[in-house]
$ cat data35.cif   # mmCIF, C-alpha atoms and all ligand atoms
data_run
loop_
_atom_site.label_atom_id
_atom_site.label_comp_id
_atom_site.auth_asym_id
_atom_site.auth_seq_id
_atom_site.Cartn_x
_atom_site.Cartn_y
_atom_site.Cartn_z
CA MET A 1 65.54 -24.95 -47.82
CA THR A 2 66.91 -25.47 -51.29
CA LYS A 3 63.34 -25.18 -52.62
CA ASN A 4 62.54 -22.11 -50.50
CA LEU A 5 65.85 -20.29 -50.39
CA ALA A 6 64.44 -16.75 -50.15
CA LEU A 7 62.22 -17.68 -47.22
CA SER A 8 65.08 -19.56 -45.61
CA ARG A 9 67.28 -16.48 -45.84
CA GLU A 10 64.48 -14.40 -44.34
CA LEU A 11 64.23 -16.78 -41.37
CA ALA A 12 68.00 -16.80 -40.97
CA SER A 13 68.04 -13.01 -40.70
CA ASP A 14 65.21 -12.93 -38.11
CA PRO A 15 66.56 -12.75 -34.55
CA LEU A 16 63.58 -14.77 -33.30
CA PHE A 17 64.96 -17.81 -35.11
CA GLU A 18 68.15 -19.78 -34.80
CA ILE A 19 68.98 -21.91 -37.79
CA ALA A 20 70.47 -25.24 -36.79
CA ASN A 21 71.42 -28.32 -38.76
CA HIS A 22 68.83 -31.07 -39.32
CA GLY A 23 70.96 -33.11 -41.68
CA THR A 24 71.50 -33.45 -45.36
CA LYS A 25 69.25 -36.47 -45.96
CA HIS A 26 67.20 -36.31 -42.74
CA CYS A 27 68.09 -39.72 -41.38
CA PRO A 28 69.35 -41.27 -38.13
CA LEU A 29 73.02 -40.52 -37.48
CA SER A 30 74.76 -43.87 -37.27
CA VAL A 31 77.85 -45.63 -38.54
CA THR A 32 76.04 -48.95 -39.02
CA GLY A 33 72.90 -47.98 -40.93
CA ARG A 34 70.76 -48.52 -37.83
CA ALA A 35 67.20 -47.50 -38.69
CA ALA A 36 64.61 -45.57 -36.68
CA TYR A 37 60.92 -45.34 -37.57
CA GLY A 38 61.72 -47.38 -40.67
CA ILE A 39 64.24 -44.82 -41.92
CA ALA A 40 67.71 -46.21 -42.57
CA GLY A 41 70.53 -44.45 -40.82
CA THR A 42 73.84 -43.39 -42.25
CA ALA A 43 75.90 -46.54 -42.74
CA SER A 44 79.50 -45.46 -42.20
CA PRO A 45 81.58 -42.75 -40.53
CA LEU A 46 81.92 -41.00 -43.89
CA GLU A 47 78.15 -41.02 -44.46
CA ALA A 48 77.60 -39.69 -40.94
CA TRP A 49 80.16 -36.94 -41.53
CA ARG A 50 78.49 -35.95 -44.80
CA GLU A 51 75.05 -36.01 -43.15
CA VAL A 52 76.24 -33.34 -40.75
CA ARG A 53 78.87 -31.46 -42.67
CA ASP A 54 77.29 -31.17 -46.12
CA ASN A 55 74.27 -29.40 -44.66
CA HIS A 56 76.52 -27.38 -42.34
CA ASP A 57 78.36 -26.12 -45.42
CA PHE A 58 75.08 -25.46 -47.27
CA LEU A 59 73.75 -23.37 -44.39
CA HIS A 60 77.01 -21.47 -44.18
CA HIS A 61 77.31 -20.74 -47.88
CA GLU A 62 73.64 -20.13 -48.73
CA LEU A 63 72.34 -18.49 -45.55
CA GLY A 64 75.49 -17.10 -43.97
CA VAL A 65 74.82 -19.18 -40.86
CA THR A 66 77.31 -21.30 -38.96
CA PRO A 67 75.05 -23.78 -37.18
CA ARG A 68 76.01 -24.66 -33.60
CA PHE A 69 73.52 -27.48 -33.12
CA PHE A 70 72.63 -30.67 -34.95
CA ARG A 71 69.55 -32.82 -34.58
CA SER A 72 69.32 -35.78 -36.89
CA GLY A 73 66.21 -36.79 -38.74
CA THR A 74 64.29 -39.02 -36.27
CA ALA A 75 66.48 -37.69 -33.39
CA HIS A 76 68.31 -41.03 -33.21
CA TYR A 77 72.10 -41.29 -32.99
CA ASP A 78 74.72 -43.80 -32.09
CA ASP A 79 77.69 -42.84 -29.90
CA ILE A 80 80.10 -42.54 -32.80
CA GLY A 81 77.63 -40.41 -34.73
CA VAL A 82 77.48 -37.99 -31.80
CA GLU A 83 81.28 -37.76 -31.81
CA ILE A 84 81.30 -37.18 -35.56
CA ALA A 85 78.82 -34.32 -35.14
CA LYS A 86 81.18 -32.76 -32.58
CA LEU A 87 84.12 -33.12 -34.96
CA ALA A 88 82.00 -31.40 -37.60
CA GLY A 89 81.69 -28.44 -35.25
CA GLU A 90 78.22 -29.00 -33.86
CA GLN A 91 76.66 -30.04 -30.59
CA VAL A 92 73.92 -32.64 -30.76
CA ALA A 93 70.58 -31.32 -29.59
CA GLY A 94 67.43 -33.13 -28.65
CA PHE A 95 63.98 -32.26 -27.45
CA SER A 96 61.93 -32.82 -24.32
CA VAL A 97 58.37 -32.27 -25.57
CA ASN A 98 57.08 -33.95 -28.71
CA GLY A 99 54.66 -31.25 -29.77
CA ASP A 100 53.06 -32.78 -32.83
CA GLN A 101 54.06 -36.43 -33.25
CA GLY A 102 55.79 -35.86 -36.55
CA ALA A 103 53.12 -33.38 -37.73
CA ARG A 104 50.51 -36.12 -37.42
CA ALA A 105 48.85 -34.97 -34.19
CA SER A 106 45.44 -33.36 -34.05
CA ARG A 107 45.04 -29.69 -33.22
CA VAL A 108 43.86 -30.59 -29.71
CA SER A 109 46.78 -32.98 -29.14
CA VAL A 110 49.26 -30.32 -30.25
CA ARG A 111 47.69 -27.77 -27.92
CA THR A 112 47.76 -30.22 -25.02
CA ALA A 113 51.36 -31.29 -25.57
CA ILE A 114 52.70 -27.78 -25.98
CA SER A 115 50.69 -26.44 -23.05
CA GLN A 116 52.41 -28.96 -20.78
CA ALA A 117 55.89 -27.63 -21.58
CA ARG A 118 57.79 -26.21 -18.64
CA ALA A 119 60.77 -23.89 -18.25
CA GLY A 120 63.79 -25.37 -19.99
CA ASP A 121 61.84 -27.67 -22.27
CA ILE A 122 62.65 -27.95 -25.94
CA ILE A 123 59.50 -28.43 -28.00
CA LEU A 124 59.74 -30.44 -31.20
CA ALA A 125 57.15 -29.37 -33.76
CA HIS A 126 57.05 -29.04 -37.52
CA MET A 127 56.59 -25.83 -39.47
CA ASN A 128 57.17 -27.56 -42.80
CA GLN A 129 53.95 -29.59 -43.04
CA PRO A 130 51.27 -27.13 -44.13
CA THR A 131 48.49 -29.72 -44.11
CA GLY A 132 49.19 -30.66 -40.49
CA GLN A 133 47.47 -29.21 -37.43
CA THR A 134 50.65 -27.96 -35.75
CA ALA A 135 50.16 -24.25 -36.46
CA ARG A 136 46.57 -24.28 -35.22
CA GLY A 137 47.44 -26.23 -32.08
CA LEU A 138 50.37 -23.94 -31.36
CA ALA A 139 48.19 -20.87 -31.84
CA ASP A 140 45.69 -22.37 -29.38
CA ALA A 141 48.40 -23.06 -26.80
CA LEU A 142 50.39 -19.83 -26.99
CA PRO A 143 48.06 -17.38 -25.21
CA GLY A 144 47.92 -19.56 -22.10
CA ILE A 145 51.65 -20.17 -22.13
CA LEU A 146 52.48 -16.49 -22.51
CA ASP A 147 49.88 -15.44 -19.92
CA GLY A 148 51.60 -17.83 -17.51
CA GLY A 149 54.82 -15.88 -17.90
CA THR A 150 56.75 -18.30 -20.09
CA ARG A 151 59.03 -16.75 -22.66
CA PHE A 152 60.62 -18.44 -25.63
CA THR A 153 64.25 -18.25 -26.59
CA THR A 154 66.65 -19.90 -28.97
CA LEU A 155 68.79 -22.81 -27.91
CA GLY A 156 71.95 -20.83 -28.50
CA ALA A 157 70.76 -18.00 -26.25
CA ALA A 158 69.72 -20.44 -23.53
CA LEU A 159 73.08 -22.24 -23.37
ZN ZN A 201 62.77 -33.67 -39.21
#
$ encode --input "data35.cif" --output "structure tokens" --more "lines below"
Ligand SMILES: [Zn+2]
Amino acid sequence: MTKNLALSRELASDPLFEIANHGTKHCPLSVTGRAAYGIAGTASPLEAWREVRDNHDFLHHELGVTPRFFRSGTAHYDDIGVEIAKLAGEQVAGFSVNGDQGARASRVSVRTAISQARAGDIILAHMNQPTGQTARGLADALPGILDGGTRFTTLGAAL
């Protein structure tokens, strides 16, 4: 977002999007440095706090958004990290459908995964990897999903 601030502000002003917090350094939220997928987690309560709160403050000051939800990089947390996120003013969020396997999935795999989503699911997919197949797979899946009556909403509107 720091590299694409104008676009980030445009997204933040679009009611179809809800800007949430994905961390300052995009790492597992931990107080012990516990790693996930080879990525080291935050290693202390202070680091965990800064992982949540520094980006919270950035989003507030630069986009005018007060994020309600936090999902760490890798979506891994320890129990204390979850409590720290709450103290920082955010509810930890997860996902129920892995739509693109970290933007590494093929177009067909993305379409298949997203097409299997059901009411109430939260789809994890990446819009920040332009060389990935996520956008194409999503475009393939959407007509069938919408024809089936499914509608999309933001997490904040759903809760
Ligand atoms: Zn991420």
$ closest_residue --input "data35.cif" --among "A:Arg71, A:Asn128, A:Asp121, A:Ala40" --to "Lys3 (chain A)" --atoms "only C-alpha atoms"
A:Asn128
$ residues_near_point --input "data35.cif" --point "(71.7, -45.5, -39.1)" --cutoff "7 Å" --atoms "only C-alpha atoms" --output "ChimeraX atom specification"
/A:28-35,40-43
$ write_last_selection --input "data35.cif" --atoms "C-alpha atoms" --output "PDB file, in the coordinates of the input"
ATOM      1  CA  PRO A  28      69.350 -41.270 -38.130  1.00  0.00           C
ATOM      2  CA  LEU A  29      73.020 -40.520 -37.480  1.00  0.00           C
ATOM      3  CA  SER A  30      74.760 -43.870 -37.270  1.00  0.00           C
ATOM      4  CA  VAL A  31      77.850 -45.630 -38.540  1.00  0.00           C
ATOM      5  CA  THR A  32      76.040 -48.950 -39.020  1.00  0.00           C
ATOM      6  CA  GLY A  33      72.900 -47.980 -40.930  1.00  0.00           C
ATOM      7  CA  ARG A  34      70.760 -48.520 -37.830  1.00  0.00           C
ATOM      8  CA  ALA A  35      67.200 -47.500 -38.690  1.00  0.00           C
ATOM      9  CA  ALA A  40      67.710 -46.210 -42.570  1.00  0.00           C
ATOM     10  CA  GLY A  41      70.530 -44.450 -40.820  1.00  0.00           C
ATOM     11  CA  THR A  42      73.840 -43.390 -42.250  1.00  0.00           C
ATOM     12  CA  ALA A  43      75.900 -46.540 -42.740  1.00  0.00           C
TER      13      ALA A  43
END
$ closest_residue --input "data35.cif" --among "A:Val110, A:Leu16, A:Ala85, A:Ala93" --to "Leu159 (chain A)" --atoms "all atoms listed in the file"
A:Ala93
$ atom_distance --input "data35.cif" --atom1 "CA of Ile145 (chain A)" --atom2 "CA of Thr112 (chain A)"
11.2 Å
$ closest_residue --input "data35.cif" --among "A:Cys27, A:Leu146, A:Ile80, A:Ala88" --to "ligand ZN 201 (chain A)" --atoms "all atoms listed in the file"
A:Cys27
$ residues_around --input "data35.cif" --residues "Ser72 (chain A)" --least-positions-apart "2" --cutoff "9 Å" --atoms "only C-alpha atoms" --output "list in words"
Asn21, His22, Gly23, His26, Cys27, Pro28, Leu29, Glu51, Val52, Phe70, Thr74, Ala75, His76, Tyr77, Val92, Ala93 and Gly94 of chain A
$ residues_around --input "data35.cif" --residues "Phe58 (chain A)" --least-positions-apart "5" --cutoff "10 Å" --atoms "all atoms listed in the file" --output "PDB file with C-alpha atoms, keeping the file's coordinate frame"
ATOM      1  CA  MET A   1      65.540 -24.950 -47.820  1.00  0.00           C
ATOM      2  CA  THR A   2      66.910 -25.470 -51.290  1.00  0.00           C
ATOM      3  CA  ASN A  21      71.420 -28.320 -38.760  1.00  0.00           C
ATOM      4  CA  THR A  24      71.500 -33.450 -45.360  1.00  0.00           C
ATOM      5  CA  ARG A  53      78.870 -31.460 -42.670  1.00  0.00           C
ATOM      6  CA  LEU A  63      72.340 -18.490 -45.550  1.00  0.00           C
ATOM      7  CA  GLY A  64      75.490 -17.100 -43.970  1.00  0.00           C
ATOM      8  CA  VAL A  65      74.820 -19.180 -40.860  1.00  0.00           C
ATOM      9  CA  THR A  66      77.310 -21.300 -38.960  1.00  0.00           C
TER      10      THR A  66
END
$ closest_residue --input "data35.cif" --among "A:Phe95, A:Pro67, A:Leu87, A:Arg136" --to "Phe17 (chain A)" --atoms "all atoms listed in the file"
A:Pro67
$ residues_near_point --input "data35.cif" --point "(46.5, -24.7, -30.3)" --cutoff "6 Å" --atoms "all atoms listed in the file" --output "VMD selection string"
chain A and resid 107 111 136 to 141
$ write_last_selection --input "data35.cif" --atoms "C-alpha atoms" --output "PDB file, in the coordinates of the input"
ATOM      1  CA  ARG A 107      45.040 -29.690 -33.220  1.00  0.00           C
ATOM      2  CA  ARG A 111      47.690 -27.770 -27.920  1.00  0.00           C
ATOM      3  CA  ARG A 136      46.570 -24.280 -35.220  1.00  0.00           C
ATOM      4  CA  GLY A 137      47.440 -26.230 -32.080  1.00  0.00           C
ATOM      5  CA  LEU A 138      50.370 -23.940 -31.360  1.00  0.00           C
ATOM      6  CA  ALA A 139      48.190 -20.870 -31.840  1.00  0.00           C
ATOM      7  CA  ASP A 140      45.690 -22.370 -29.380  1.00  0.00           C
ATOM      8  CA  ALA A 141      48.400 -23.060 -26.800  1.00  0.00           C
TER       9      ALA A 141
END
$ residues_around --input "data35.cif" --residues "Gly102 (chain A)" --least-positions-apart "5" --cutoff "10 Å" --atoms "only C-alpha atoms" --output "short mmCIF file (atom, residue, chain, number, x, y, z; two decimals) with C-alpha atoms, keeping the file's coordinate frame"
data_model
loop_
_atom_site.label_atom_id
_atom_site.label_comp_id
_atom_site.auth_asym_id
_atom_site.auth_seq_id
_atom_site.Cartn_x
_atom_site.Cartn_y
_atom_site.Cartn_z
CA THR A 74 64.29 -39.02 -36.27
CA LEU A 124 59.74 -30.44 -31.20
CA ALA A 125 57.15 -29.37 -33.76
CA HIS A 126 57.05 -29.04 -37.52
CA GLN A 129 53.95 -29.59 -43.04
CA GLY A 132 49.19 -30.66 -40.49
CA THR A 134 50.65 -27.96 -35.75
#
$ atom_distance --input "data35.cif" --atom1 "CA of Ala158 (chain A)" --atom2 "CA of Ile122 (chain A)"
10.6 Å
$ closest_residue --input "data35.cif" --among "A:Asp54, A:Ala20, A:Phe69, A:Tyr37" --to "Val82 (chain A)" --atoms "all atoms listed in the file"
A:Phe69
$ atom_distance --input "data35.cif" --atom1 "CA of His56 (chain A)" --atom2 "CA of Arg68 (chain A)"
9.2 Å
$ closest_residue --input "data35.cif" --among "A:Gly73, A:Ala157, A:Gln116, A:Gly89" --to "ligand ZN 201 (chain A)" --atoms "only C-alpha atoms and all ligand atoms"
A:Gly73
